[in-house]
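This is upload27.txt (compact mmCIF, C-alpha atoms).
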# COMPACT_ATOMS: atom_id res chain seq x y z
CA MET A 634 -24.08 43.41 19.43
CA SER A 635 -22.03 42.60 16.33
CA ALA A 636 -23.25 39.97 13.95
CA PRO A 637 -20.60 37.36 14.90
CA ALA A 638 -21.33 37.92 18.60
CA GLN A 639 -25.07 37.62 18.02
CA PHE A 640 -24.56 34.35 16.17
CA GLN A 641 -22.29 33.03 18.90
CA ALA A 642 -24.92 33.91 21.51
CA ILE A 643 -27.41 31.46 20.01
CA LEU A 644 -24.99 28.95 18.50
CA ALA A 645 -24.64 26.84 21.65
CA LYS A 646 -28.42 26.35 21.83
CA LEU A 647 -28.60 25.46 18.15
CA GLN A 648 -25.79 22.91 18.45
CA ALA A 649 -27.42 21.36 21.52
CA GLU A 650 -30.80 21.29 19.72
CA ILE A 651 -32.41 23.34 22.47
CA PRO A 652 -35.48 25.25 21.20
CA ALA A 653 -34.54 28.90 20.75
CA PHE A 654 -35.93 32.18 19.44
CA TRP A 655 -33.68 34.36 17.30
CA LEU A 656 -34.64 37.97 16.56
CA ASN A 657 -33.54 39.46 13.26
CA ASP A 658 -31.37 42.50 13.93
CA ARG A 659 -31.62 43.61 10.26
CA LEU A 660 -35.42 43.84 10.17
CA GLY A 661 -36.49 47.03 8.40
CA GLN A 662 -33.31 47.58 6.43
CA PRO A 663 -33.68 48.21 2.68
CA LEU A 664 -34.20 45.23 0.41
CA PRO A 665 -31.25 44.27 -1.82
CA ALA A 666 -30.86 46.41 -4.93
CA ASP A 667 -31.66 43.39 -7.11
CA ALA A 668 -34.80 42.42 -5.17
CA PRO A 669 -37.59 41.32 -7.53
CA SER A 670 -40.36 43.82 -8.17
CA THR A 671 -43.56 43.41 -6.19
CA ASP A 672 -45.33 43.92 -9.54
CA LEU A 673 -44.62 40.22 -10.08
CA ILE A 674 -47.07 39.45 -7.27
CA ALA A 675 -49.85 41.06 -9.33
CA ASP A 676 -48.71 39.03 -12.35
CA ALA A 677 -49.05 35.82 -10.34
CA GLU A 678 -52.48 36.85 -9.06
CA ALA A 679 -53.62 37.57 -12.62
CA ARG A 680 -52.25 34.27 -13.93
CA MET A 681 -54.01 32.22 -11.28
CA ALA A 682 -57.25 34.11 -11.92
CA SER A 683 -57.08 33.59 -15.69
CA CYS A 684 -56.26 29.90 -15.24
CA ALA A 685 -59.03 29.25 -12.71
CA PRO A 686 -61.51 27.94 -15.35
CA LEU A 687 -58.77 25.61 -16.64
CA LEU A 688 -58.12 24.29 -13.14
CA ALA A 689 -61.82 23.70 -12.57
CA GLU A 690 -61.90 21.72 -15.83
CA LEU A 691 -58.85 19.63 -14.90
CA PHE A 692 -59.82 18.95 -11.29
CA PRO A 693 -63.49 18.32 -10.43
CA GLU A 694 -62.79 19.04 -6.76
CA LEU A 695 -62.24 22.69 -7.74
CA ASN A 696 -65.68 23.13 -9.30
CA ALA A 697 -67.08 24.55 -6.07
CA THR A 698 -64.47 27.34 -6.03
CA GLY A 699 -64.48 28.03 -9.75
CA GLY A 700 -60.91 26.79 -9.97
CA ASN A 701 -59.51 29.02 -7.25
CA ILE A 702 -56.84 27.44 -5.02
CA GLU A 703 -57.52 28.84 -1.56
CA SER A 704 -57.92 27.76 2.05
CA ALA A 705 -60.08 28.81 4.98
CA LEU A 706 -58.96 31.12 7.78
CA MET A 707 -60.19 29.21 10.83
CA PRO A 708 -60.83 30.94 14.17
CA ALA A 709 -58.66 29.29 16.80
CA HIS A 710 -59.87 30.68 20.12
CA LYS A 711 -60.10 27.14 21.53
CA LEU A 712 -56.44 26.54 20.65
CA LYS A 713 -55.56 29.83 22.30
CA ALA A 714 -57.46 28.81 25.43
CA ALA A 715 -55.64 25.48 25.50
CA LEU A 716 -52.19 27.08 25.27
CA SER A 717 -52.45 30.50 26.92
CA ARG A 718 -51.86 31.16 30.58
CA ASP A 719 -54.97 31.94 32.62
CA GLY A 720 -55.59 35.42 33.92
CA THR A 721 -53.44 37.35 31.46
CA GLY A 722 -56.33 39.46 30.11
CA ASP A 723 -55.07 38.86 26.59
CA THR A 724 -57.80 39.77 24.07
CA SER A 725 -55.82 38.99 20.92
CA ALA A 726 -57.35 36.80 18.19
CA TRP A 727 -55.88 33.53 16.94
CA PHE A 728 -56.50 31.88 13.57
CA ILE A 729 -55.26 28.83 11.68
CA LYS A 730 -54.64 29.30 7.95
CA ARG A 731 -55.75 25.93 6.63
CA ASP A 732 -53.35 25.25 3.77
CA ASP A 733 -53.25 21.69 5.08
CA ALA A 734 -56.66 21.38 3.40
CA LEU A 735 -55.87 23.07 0.08
CA PRO A 736 -57.71 21.11 -2.62
CA VAL A 737 -56.00 18.75 -5.10
CA ALA A 738 -52.44 18.84 -3.70
CA GLY A 739 -53.24 19.05 0.01
CA SER A 740 -50.51 21.44 1.05
CA ILE A 741 -49.13 24.96 0.80
CA LYS A 742 -46.96 23.80 -2.11
CA ALA A 743 -49.99 23.90 -4.40
CA ARG A 744 -49.70 27.70 -4.41
CA GLY A 745 -46.22 27.90 -5.86
CA GLY A 746 -46.19 24.60 -7.70
CA PHE A 747 -49.38 25.14 -9.67
CA HIS A 748 -48.35 28.69 -10.51
CA GLU A 749 -44.98 27.64 -11.93
CA VAL A 750 -46.37 24.81 -14.06
CA LEU A 751 -49.11 27.06 -15.42
CA ALA A 752 -46.57 29.78 -16.23
CA VAL A 753 -44.38 27.26 -18.08
CA ALA A 754 -47.36 25.86 -19.97
CA GLU A 755 -48.47 29.36 -21.01
CA GLN A 756 -44.98 30.26 -22.22
CA ILE A 757 -44.63 27.11 -24.32
CA ALA A 758 -48.08 27.54 -25.84
CA LEU A 759 -47.50 31.22 -26.59
CA THR A 760 -44.05 30.60 -28.08
CA ARG A 761 -45.36 27.79 -30.27
CA GLY A 762 -48.30 29.92 -31.43
CA LEU A 763 -50.84 27.58 -29.92
CA ILE A 764 -52.64 30.32 -27.98
CA SER A 765 -52.71 34.11 -28.00
CA PRO A 766 -52.26 36.22 -24.84
CA ASP A 767 -55.99 36.87 -24.46
CA ASP A 768 -57.20 33.33 -25.17
CA ASP A 769 -59.26 31.35 -22.68
CA ARG A 770 -56.68 29.29 -20.80
CA ARG A 771 -58.86 26.21 -21.12
CA ARG A 772 -57.27 25.90 -24.56
CA LEU A 773 -54.21 24.55 -22.76
CA ASN A 774 -56.23 21.37 -22.20
CA THR A 775 -57.06 20.74 -25.87
CA PRO A 776 -55.60 17.67 -27.67
CA ALA A 777 -53.35 19.74 -29.95
CA VAL A 778 -51.75 21.61 -27.06
CA ARG A 779 -51.45 18.52 -24.86
CA ALA A 780 -49.65 16.74 -27.71
CA VAL A 781 -47.02 19.49 -27.64
CA PHE A 782 -46.73 19.39 -23.84
CA ALA A 783 -46.04 15.65 -24.09
CA GLN A 784 -42.78 16.54 -25.86
CA TYR A 785 -41.58 18.47 -22.79
CA THR A 786 -40.35 17.23 -19.43
CA VAL A 787 -41.18 19.01 -16.18
CA ALA A 788 -38.94 17.89 -13.31
CA VAL A 789 -38.54 18.82 -9.65
CA GLY A 790 -36.49 17.79 -6.62
CA SER A 791 -38.59 17.45 -3.47
CA THR A 792 -39.00 15.85 -0.06
CA GLY A 793 -42.63 15.29 -0.91
CA ASN A 794 -45.22 18.07 -0.94
CA LEU A 795 -43.69 20.19 -3.70
CA GLY A 796 -43.25 17.04 -5.73
CA LEU A 797 -46.94 16.25 -5.25
CA SER A 798 -48.06 19.69 -6.41
CA ILE A 799 -45.74 19.81 -9.44
CA GLY A 800 -46.41 16.19 -10.33
CA VAL A 801 -50.19 16.48 -10.15
CA MET A 802 -50.34 19.76 -12.10
CA ALA A 803 -47.81 18.86 -14.81
CA ALA A 804 -49.24 15.39 -15.36
CA ALA A 805 -52.78 16.81 -15.62
CA LEU A 806 -51.63 19.00 -18.53
CA GLY A 807 -49.90 16.09 -20.28
CA PHE A 808 -46.26 16.88 -19.56
CA ASP A 809 -43.73 14.11 -19.14
CA THR A 810 -43.28 14.57 -15.39
CA VAL A 811 -40.37 13.50 -13.16
CA VAL A 812 -40.06 13.98 -9.41
CA HIS A 813 -36.65 13.45 -7.79
CA MET A 814 -36.99 12.55 -4.11
CA SER A 815 -34.68 11.57 -1.30
CA ALA A 816 -34.88 7.87 -0.55
CA ASP A 817 -36.34 8.53 2.91
CA ALA A 818 -39.27 10.61 1.62
CA LYS A 819 -42.67 9.20 2.60
CA ALA A 820 -43.62 6.10 0.63
CA TRP A 821 -47.27 7.15 0.33
CA LYS A 822 -46.25 10.37 -1.44
CA LYS A 823 -44.21 8.40 -3.96
CA ASP A 824 -47.11 5.98 -4.49
CA ARG A 825 -49.59 8.80 -5.03
CA LEU A 826 -47.34 10.35 -7.68
CA ARG A 827 -46.84 7.08 -9.51
CA LYS A 828 -50.61 6.58 -9.65
CA ARG A 829 -50.83 9.93 -11.46
CA GLY A 830 -48.39 8.69 -14.10
CA VAL A 831 -45.41 10.58 -12.65
CA ARG A 832 -41.95 9.05 -12.76
CA VAL A 833 -40.35 9.07 -9.30
CA VAL A 834 -36.56 8.92 -9.11
CA GLU A 835 -35.12 8.17 -5.67
CA HIS A 836 -31.75 9.55 -4.55
CA VAL A 837 -29.56 8.35 -1.71
CA GLY A 838 -29.00 11.31 0.61
CA ASP A 839 -31.00 14.32 1.74
CA TYR A 840 -33.18 16.94 0.09
CA ALA A 841 -30.23 18.90 -1.32
CA GLU A 842 -28.84 15.83 -3.06
CA ALA A 843 -32.25 15.02 -4.57
CA VAL A 844 -32.47 18.58 -5.90
CA ALA A 845 -28.91 18.52 -7.26
CA GLY A 846 -29.46 15.16 -8.93
CA GLY A 847 -32.73 16.25 -10.44
CA ARG A 848 -31.28 19.50 -11.70
CA ALA A 849 -28.36 17.74 -13.38
CA GLN A 850 -30.58 15.18 -15.11
CA ALA A 851 -33.06 17.82 -16.28
CA LEU A 852 -30.33 20.01 -17.76
CA ALA A 853 -29.15 17.06 -19.82
CA LEU A 854 -32.54 16.68 -21.50
CA PRO A 855 -33.89 18.71 -24.44
CA HIS A 856 -37.20 20.49 -23.87
CA SER A 857 -36.92 20.18 -20.10
CA HIS A 858 -37.95 22.55 -17.32
CA PHE A 859 -36.60 22.02 -13.81
CA VAL A 860 -38.61 23.52 -10.96
CA ASP A 861 -35.86 24.70 -8.63
CA ASP A 862 -37.24 25.07 -5.12
CA GLU A 863 -34.01 26.79 -4.04
CA ARG A 864 -34.06 29.52 -6.69
CA SER A 865 -37.42 29.75 -8.45
CA ALA A 866 -39.03 33.17 -8.73
CA LEU A 867 -42.16 31.58 -10.23
CA LEU A 868 -42.64 29.46 -7.12
CA PHE A 869 -41.87 32.42 -4.87
CA PHE A 870 -44.48 34.70 -6.42
CA GLY A 871 -47.07 31.95 -6.52
CA TYR A 872 -46.78 31.87 -2.74
CA ALA A 873 -46.72 35.67 -2.49
CA ALA A 874 -50.04 35.84 -4.34
CA SER A 875 -51.76 34.34 -1.26
CA ALA A 876 -51.29 37.55 0.74
CA ARG A 877 -54.16 39.48 -0.81
CA HIS A 878 -56.66 36.73 -0.11
CA LEU A 879 -55.52 36.51 3.51
CA ALA A 880 -56.00 40.27 3.79
CA ALA A 881 -59.57 39.89 2.53
CA GLN A 882 -60.21 37.05 4.98
CA LEU A 883 -58.94 39.14 7.90
CA LYS A 884 -61.19 42.01 6.85
CA ASP A 885 -64.17 39.66 6.66
CA ALA A 886 -63.30 38.47 10.17
CA GLY A 887 -63.32 42.07 11.44
CA ARG A 888 -59.56 42.17 12.06
CA GLN A 889 -57.72 45.41 11.28
CA VAL A 890 -54.01 45.51 10.50
CA ASP A 891 -52.33 48.80 11.36
CA ALA A 892 -50.06 50.38 13.98
CA GLN A 893 -52.60 49.76 16.74
CA HIS A 894 -53.54 46.27 15.51
CA PRO A 895 -50.40 44.25 14.67
CA LEU A 896 -50.56 41.06 12.63
CA PHE A 897 -48.28 38.16 13.55
CA VAL A 898 -47.90 35.28 11.09
CA TYR A 899 -46.09 32.04 11.99
CA LEU A 900 -44.83 29.96 9.08
CA PRO A 901 -43.09 26.56 9.01
CA CYS A 902 -39.86 26.86 7.03
CA GLY A 903 -37.94 24.30 5.00
CA VAL A 904 -35.84 25.72 2.17
CA GLY A 905 -37.80 28.97 2.55
CA GLY A 906 -39.65 29.48 -0.73
CA ALA A 907 -43.20 29.18 0.58
CA PRO A 908 -42.83 31.13 3.85
CA GLY A 909 -40.53 33.63 2.16
CA GLY A 910 -42.96 34.28 -0.66
CA ILE A 911 -45.87 34.70 1.75
CA THR A 912 -43.79 37.09 3.86
CA TYR A 913 -42.85 39.11 0.76
CA GLY A 914 -46.50 39.39 -0.24
CA LEU A 915 -47.68 40.34 3.24
CA LYS A 916 -44.93 42.94 3.64
CA ALA A 917 -45.94 44.47 0.30
CA LEU A 918 -49.48 44.91 1.66
CA PHE A 919 -48.98 45.70 5.35
CA GLY A 920 -45.36 46.90 5.68
CA GLU A 921 -44.16 47.24 9.26
CA HIS A 922 -47.57 46.28 10.67
CA VAL A 923 -47.10 42.59 9.84
CA HIS A 924 -44.56 40.55 11.80
CA CYS A 925 -43.57 37.27 10.16
CA VAL A 926 -41.84 34.56 12.15
CA PHE A 927 -40.53 31.27 10.77
CA ALA A 928 -40.58 27.95 12.63
CA GLU A 929 -37.85 25.38 11.97
CA PRO A 930 -36.94 21.98 13.49
CA VAL A 931 -34.08 22.00 16.00
CA ALA A 932 -32.10 19.71 13.67
CA SER A 933 -32.75 21.76 10.51
CA PRO A 934 -32.78 25.54 11.25
CA CYS A 935 -31.31 26.43 7.85
CA MET A 936 -32.87 29.90 7.51
CA LEU A 937 -31.94 30.87 11.07
CA VAL A 938 -28.34 29.76 10.56
CA GLN A 939 -28.04 31.59 7.25
CA LEU A 940 -29.51 34.87 8.48
CA ALA A 941 -27.91 34.90 11.94
CA SER A 942 -24.47 34.29 10.45
CA HIS A 943 -24.74 37.48 8.32
CA SER A 944 -22.75 35.57 5.71
CA ASP A 945 -22.99 36.36 2.01
CA SER A 946 -21.96 32.77 1.31
CA PRO A 947 -24.13 29.73 1.93
CA VAL A 948 -24.08 28.37 5.47
CA SER A 949 -25.70 25.02 6.21
CA VAL A 950 -26.88 23.27 9.35
CA TYR A 951 -24.12 20.72 8.77
CA ASP A 952 -21.58 23.53 9.16
CA ILE A 953 -22.59 23.92 12.82
CA GLY A 954 -22.66 20.19 13.52
CA LEU A 955 -26.36 19.38 13.09
CA ASP A 956 -27.55 16.26 11.26
CA ASN A 957 -30.74 17.57 9.56
CA LYS A 958 -32.73 14.57 10.80
CA THR A 959 -36.31 15.37 11.82
CA ASP A 960 -39.78 13.83 11.72
CA ALA A 961 -40.88 17.03 9.97
CA ASP A 962 -39.78 15.67 6.60
CA GLY A 963 -40.99 18.70 4.65
CA LEU A 964 -38.72 20.91 6.75
CA ALA A 965 -35.64 18.67 6.62
CA VAL A 966 -33.47 21.07 4.63
CA GLY A 967 -29.81 21.73 5.32
CA GLU A 968 -29.30 24.97 3.40
CA ALA A 969 -31.68 27.90 2.88
CA SER A 970 -32.80 29.17 -0.51
CA HIS A 971 -30.24 31.43 -2.16
CA LEU A 972 -33.08 33.50 -3.61
CA VAL A 973 -35.10 33.87 -0.43
CA ALA A 974 -32.53 34.34 2.36
CA PRO A 975 -31.24 37.73 1.13
CA LEU A 976 -34.82 39.01 0.89
CA MET A 977 -35.75 37.77 4.36
CA ALA A 978 -32.70 39.48 5.88
CA SER A 979 -34.67 42.73 6.00
CA GLN A 980 -38.26 41.41 6.21
CA LEU A 981 -38.33 38.55 8.69
CA SER A 982 -38.96 39.33 12.36
CA GLY A 983 -37.32 36.17 13.63
CA VAL A 984 -37.10 32.40 13.71
CA PHE A 985 -37.87 29.94 16.49
CA THR A 986 -36.90 26.29 16.59
CA VAL A 987 -39.07 23.39 17.68
CA SER A 988 -38.20 19.88 18.82
CA ASP A 989 -39.74 16.81 17.22
CA ASP A 990 -41.46 15.96 20.52
CA ALA A 991 -43.06 19.40 20.54
CA LEU A 992 -44.26 18.89 16.96
CA PHE A 993 -46.21 15.83 18.05
CA LEU A 994 -47.58 17.57 21.13
CA ASN A 995 -48.65 20.38 18.82
CA LEU A 996 -50.53 17.83 16.72
CA ARG A 997 -52.25 16.56 19.83
CA VAL A 998 -53.44 19.95 21.07
CA LEU A 999 -54.55 20.98 17.57
CA LYS A 1000 -56.69 17.85 17.33
CA SER A 1001 -58.14 18.13 20.84
CA SER A 1002 -58.97 21.84 20.62
CA LEU A 1003 -60.05 22.24 16.99
CA GLY A 1004 -60.43 18.75 15.57
CA VAL A 1005 -57.75 19.52 12.95
CA LEU A 1006 -55.45 16.71 11.78
CA VAL A 1007 -52.17 17.68 10.11
CA GLU A 1008 -48.70 16.23 9.48
CA PRO A 1009 -45.88 17.09 11.93
CA SER A 1010 -44.24 19.79 9.81
CA ALA A 1011 -47.58 21.62 9.49
CA ALA A 1012 -47.76 22.00 13.28
CA ALA A 1013 -44.39 23.73 13.62
CA GLY A 1014 -45.84 27.24 13.96
CA ILE A 1015 -48.25 26.54 16.81
CA GLY A 1016 -45.85 27.66 19.53
CA GLY A 1017 -45.31 31.05 17.87
CA PRO A 1018 -47.67 33.15 20.01
CA GLN A 1019 -46.11 31.64 23.15
CA TRP A 1020 -42.62 32.61 22.05
CA ILE A 1021 -43.85 36.19 21.60
CA SER A 1022 -45.70 36.39 24.91
CA ASP A 1023 -43.58 34.23 27.22
CA SER A 1024 -39.94 34.37 26.12
CA PRO A 1025 -37.46 37.18 26.95
CA GLU A 1026 -36.82 37.59 23.22
CA GLY A 1027 -40.50 37.90 22.42
CA ARG A 1028 -41.16 40.42 25.16
CA ALA A 1029 -38.12 42.43 24.04
CA TYR A 1030 -39.51 42.47 20.49
CA VAL A 1031 -42.88 43.73 21.71
CA ARG A 1032 -41.22 46.51 23.71
CA GLN A 1033 -38.91 47.49 20.87
CA HIS A 1034 -41.82 47.92 18.46
CA ALA A 1035 -44.22 49.36 21.07
CA LEU A 1036 -46.94 46.85 20.21
CA ASP A 1037 -50.32 46.50 21.89
CA MET A 1038 -50.58 42.72 21.98
CA ASN A 1039 -54.15 42.81 23.29
CA GLN A 1040 -55.11 44.11 19.84
CA ALA A 1041 -52.93 41.64 17.91
CA THR A 1042 -54.02 39.05 15.39
CA HIS A 1043 -52.05 35.79 15.31
CA VAL A 1044 -52.21 33.61 12.17
CA ILE A 1045 -50.64 30.17 12.44
CA TRP A 1046 -50.07 28.80 8.94
CA SER A 1047 -50.84 25.08 8.70
CA THR A 1048 -49.07 23.72 5.65
CA GLY A 1049 -50.07 20.10 4.91
CA GLY A 1050 -51.88 16.99 6.00
CA SER A 1051 -55.20 16.38 4.27
CA LEU A 1052 -53.71 13.83 1.86
CA VAL A 1053 -51.84 11.89 4.53
CA PRO A 1054 -53.23 8.33 4.75
CA PRO A 1055 -55.42 7.77 7.85
CA GLU A 1056 -53.08 5.11 9.22
CA GLU A 1057 -50.16 7.55 9.07
CA LEU A 1058 -52.17 10.24 10.85
CA GLN A 1059 -53.14 7.71 13.50
CA ALA A 1060 -49.49 6.78 13.99
CA PHE A 1061 -48.64 10.46 14.55
CA HIS A 1062 -51.29 10.77 17.23
CA ASP A 1063 -50.40 7.47 18.87
CA HIS A 1064 -46.87 8.78 19.26
CA ALA A 1065 -48.18 12.09 20.63
CA ASP A 1066 -50.34 10.24 23.16
CA GLU A 1067 -47.33 8.22 24.26
CA LEU A 1068 -45.31 11.40 24.79
CA ALA A 1069 -48.15 12.80 26.90
CA ARG A 1070 -48.31 9.62 28.98
CA ARG A 1071 -44.59 9.95 29.63
CA GLY A 1072 -45.14 13.42 30.99
CA GLN A 1073 -43.95 15.41 27.98
CA THR A 1074 -46.58 18.11 28.42
CA ALA A 1075 -44.48 21.20 29.07
CA LEU A 1076 -45.08 24.42 27.20
CA LEU A 1077 -44.63 23.81 23.50
CA THR A 1078 -41.83 26.38 23.37
CA SER A 1079 -39.70 24.22 25.65

Reformat the file's structure so that it appears as structure tokens.
Amino acid sequence: MSAPAQFQAILAKLQAEIPAFWLNDRLGQPLPADAPSTDLIADAEARMASCAPLLAELFPELNATGGNIESALMPAHKLKAALSRDGTGDTSAWFIKRDDALPVAGSIKARGGFHEVLAVAEQIALTRGLISPDDDRRRLNTPAVRAVFAQYTVAVGSTGNLGLSIGVMAAALGFDTVVHMSADAKAWKKDRLRKRGVRVVEHVGDYAEAVAGGRAQALALPHSHFVDDERSALLFFGYAASARHLAAQLKDAGRQVDAQHPLFVYLPCGVGGAPGGITYGLKALFGEHVHCVFAEPVASPCMLVQLASHSDSPVSVYDIGLDNKTDADGLAVGEASHLVAPLMASQLSGVFTVSDDALFLNLRVLKSSLGVLVEPSAAAGIGGPQWISDSPEGRAYVRQHALDMNQATHVIWSTGGSLVPPEELQAFHDHADELARRGQTALLTS
């Protein structure tokens, strides 16, 4: 099927906001000639390791981990039992990757956000002769260095979680810190930033307009660094650095990853930096034996639209008549990252879309089966194993790659929620309970 025909085949479902599963017909093709070197993953790993003592000094909640930013890999057999059909004989293993509980910033964005701020701080300190390459990175928290950082502005455009991670990290090091947010971003996220001494600038419009406005203002300032979620390699490789730790966790759990034991990873996707970076890192480690699938809201499938169109030019959800309005605020992005989309064209297995109602039902089953409380966007990936096992597209993918799904490992990446105020979490679950009372209890892929 030609690319335009393939796009047309799914376009009607996308425009009608019907949950759909798109398989990437370019999976396995060579990466672009200008693809960044995977050596940069090792650089990010080394930076985070060298800065761990600094992070432990800045954030007491990291003392227990020695400053390492990592999350648990939680067995999810009870979730599997709640969602799987009886009598299938499926012996695969399910896990939840608990980035919703990452310390300090409370979301997956801590991985990329902390890495970028630390890289910028290092570069300024090295350039100004304040540290040498081999110095203990705790010197970045000395009065003399902090006085220099105060002369620099770190800015970011965000719907919330990236802004939290950048704001918390940059403010902790003494930078003048500005977070540009869309006006409809969660009020509690704005309040939390302001309490950290971060300036929050609100923009009328969506995520893209907040980013554009923030970028323009930052470029007009001297000594300013703008964290560009759409194009940042530093963010991207901060996320990619998580792959090696996940590999160690899987080994500790007794899970192999090879031709006979496939690994499936389901990742909520907004602009694409976090899931794209993680995919890049996992592909560097496991190659064809890892199968990464993104989950996007039915109103905001920006990565699906970009990749399925096979266009070299940007394509947005607005171009196909969608409004980009979803309760998954962290995933409410109209246009995919210009850095990430070309890389995912050959690495991503596919994308499925999820309705807002299904997001809330996902929250409900995650709480009832595992006692885990997350925000709606973090629950987007929960239907992934069902799409693989129950949909025609998923079964076709399994046949095409000759996979033994009884030996598969499924990792559902949970991306945020631990910092959400209790009253907001309760409101999510009240809404989910109301949906259940109204009979909205169909399979979460519907």

### Query
In Å, how far is it from CA of Phe927 in chain A to CA of Leu900 in chain A?
4.8 Å

Selection as an mmCIF file with C-alpha atoms, in the coordinates of the input: residues within 6 Å of (-28.4, 26.3, 15.2), counting all atoms listed in the file:
data_model
loop_
_atom_site.group_PDB
_atom_site.id
_atom_site.type_symbol
_atom_site.label_atom_id
_atom_site.label_comp_id
_atom_site.auth_asym_id
_atom_site.auth_seq_id
_atom_site.Cartn_x
_atom_site.Cartn_y
_atom_site.Cartn_z
ATOM 1 C CA LEU A 644 -24.990 28.950 18.500
ATOM 2 C CA LEU A 647 -28.600 25.460 18.150
ATOM 3 C CA GLN A 648 -25.790 22.910 18.450
ATOM 4 C CA PRO A 934 -32.780 25.540 11.250
ATOM 5 C CA VAL A 938 -28.340 29.760 10.560
#

Could you produce a table of the residues of range 722-766 of chain A lying within 12 Å of range 672-680 of chain A, with the nearest pair of atoms per residue and their separation in Å rounded to one decimal, using only C-alpha atoms, ordered by chain and increasing residue number, as CSV?
residue,atom,partner,partner_atom,distance
A:Arg744,CA,A:Ala677,CA,10.1
A:Gly745,CA,A:Ala677,CA,9.5
A:Gly746,CA,A:Ala677,CA,11.9
A:Phe747,CA,A:Arg680,CA,10.5
A:His748,CA,A:Ala677,CA,7.2
A:Glu749,CA,A:Ala677,CA,9.3
A:Val750,CA,A:Arg680,CA,11.1
A:Leu751,CA,A:Arg680,CA,8.0
A:Ala752,CA,A:Arg680,CA,7.6
A:Val753,CA,A:Arg680,CA,11.3
A:Ala754,CA,A:Arg680,CA,11.5
A:Glu755,CA,A:Arg680,CA,9.4
A:Gln756,CA,A:Arg680,CA,11.7
A:Pro766,CA,A:Arg680,CA,11.1

Can you pull out every residue within 8 Å of range 701-718 of chain A, counting all atoms listed in the file, but drop anything in the same chain fewer than 3 positions away, and send it as a PDB file with C-alpha atoms, in the frame of the given file?
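Writing done, so here's out_8.pdb:
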ATOM      1  CA  MET A 681     -54.010  32.220 -11.280  1.00  0.00           C
ATOM      2  CA  ALA A 682     -57.250  34.110 -11.920  1.00  0.00           C
ATOM      3  CA  ALA A 685     -59.030  29.250 -12.710  1.00  0.00           C
ATOM      4  CA  LEU A 688     -58.120  24.290 -13.140  1.00  0.00           C
ATOM      5  CA  ALA A 689     -61.820  23.700 -12.570  1.00  0.00           C
ATOM      6  CA  LEU A 695     -62.240  22.690  -7.740  1.00  0.00           C
ATOM      7  CA  THR A 698     -64.470  27.340  -6.030  1.00  0.00           C
ATOM      8  CA  THR A 721     -53.440  37.350  31.460  1.00  0.00           C
ATOM      9  CA  ALA A 726     -57.350  36.800  18.190  1.00  0.00           C
ATOM     10  CA  TRP A 727     -55.880  33.530  16.940  1.00  0.00           C
ATOM     11  CA  PHE A 728     -56.500  31.880  13.570  1.00  0.00           C
ATOM     12  CA  ILE A 729     -55.260  28.830  11.680  1.00  0.00           C
ATOM     13  CA  LYS A 730     -54.640  29.300   7.950  1.00  0.00           C
ATOM     14  CA  ARG A 731     -55.750  25.930   6.630  1.00  0.00           C
ATOM     15  CA  ASP A 732     -53.350  25.250   3.770  1.00  0.00           C
ATOM     16  CA  ALA A 734     -56.660  21.380   3.400  1.00  0.00           C
ATOM     17  CA  LEU A 735     -55.870  23.070   0.080  1.00  0.00           C
ATOM     18  CA  PRO A 736     -57.710  21.110  -2.620  1.00  0.00           C
ATOM     19  CA  ALA A 743     -49.990  23.900  -4.400  1.00  0.00           C
ATOM     20  CA  ARG A 744     -49.700  27.700  -4.410  1.00  0.00           C
ATOM     21  CA  SER A 875     -51.760  34.340  -1.260  1.00  0.00           C
ATOM     22  CA  LEU A 879     -55.520  36.510   3.510  1.00  0.00           C
ATOM     23  CA  GLN A 882     -60.210  37.050   4.980  1.00  0.00           C
ATOM     24  CA  VAL A 998     -53.440  19.950  21.070  1.00  0.00           C
ATOM     25  CA  LEU A 999     -54.550  20.980  17.570  1.00  0.00           C
ATOM     26  CA  SER A1002     -58.970  21.840  20.620  1.00  0.00           C
ATOM     27  CA  LEU A1003     -60.050  22.240  16.990  1.00  0.00           C
ATOM     28  CA  GLN A1019     -46.110  31.640  23.150  1.00  0.00           C
ATOM     29  CA  LEU A1076     -45.080  24.420  27.200  1.00  0.00           C
TER      30      LEU A1076
END

### Using all atoms listed in the file: which of A:Val904, A:Ala818, A:Leu1052, A:Leu854 has the shortest distance to Val787 in chain A
A:Leu854

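CA of Gly793 in chain A is positioned 26.9 Å from CA of Ser1001 in chain A.
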
### Query
Which value, in Å to one decimal, gives the distance between CA of Gly887 in chain A and CA of Thr912 in chain A?
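Spanning CA of Gly887 in chain A to CA of Thr912 in chain A is a straight-line distance of 21.5 Å.
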
### Message
With distances taken over only C-alpha atoms, which residue among A:Asn794, A:Gln939, A:Ser1051, A:Ser815 lies nearest Lys742 in chain A?
### Response
A:Asn794

### Task
Measuring atom to atom with all atoms listed in the file, identify which of A:Leu1006, A:Ala886, A:Leu896, A:Leu797 is nearest to Lys819 in chain A.
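Ranking A:Leu1006, A:Ala886, A:Leu896, A:Leu797 by distance to Lys819 in chain A, first place goes to A:Leu797.
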
### Message
Using only C-alpha atoms, which protein or nucleic acid residues come within 12 Å of Asp667 in chain A? Drop anything in the same chain fewer than 5 positions from it, and give the result as a PyMOL selection string.
### Response
chain A and resi 972+975-976

### Message
I'd like the neighbourhood of Glu863 in chain A as JSON, numbers by chain, where a residue qualifies if any of its atoms comes within 8 Å (using only C-alpha atoms), though same-chain residues fewer than 2 positions away should be ignored.
### Response
{"A": [861, 865, 904, 905, 906, 969, 970, 971, 972]}
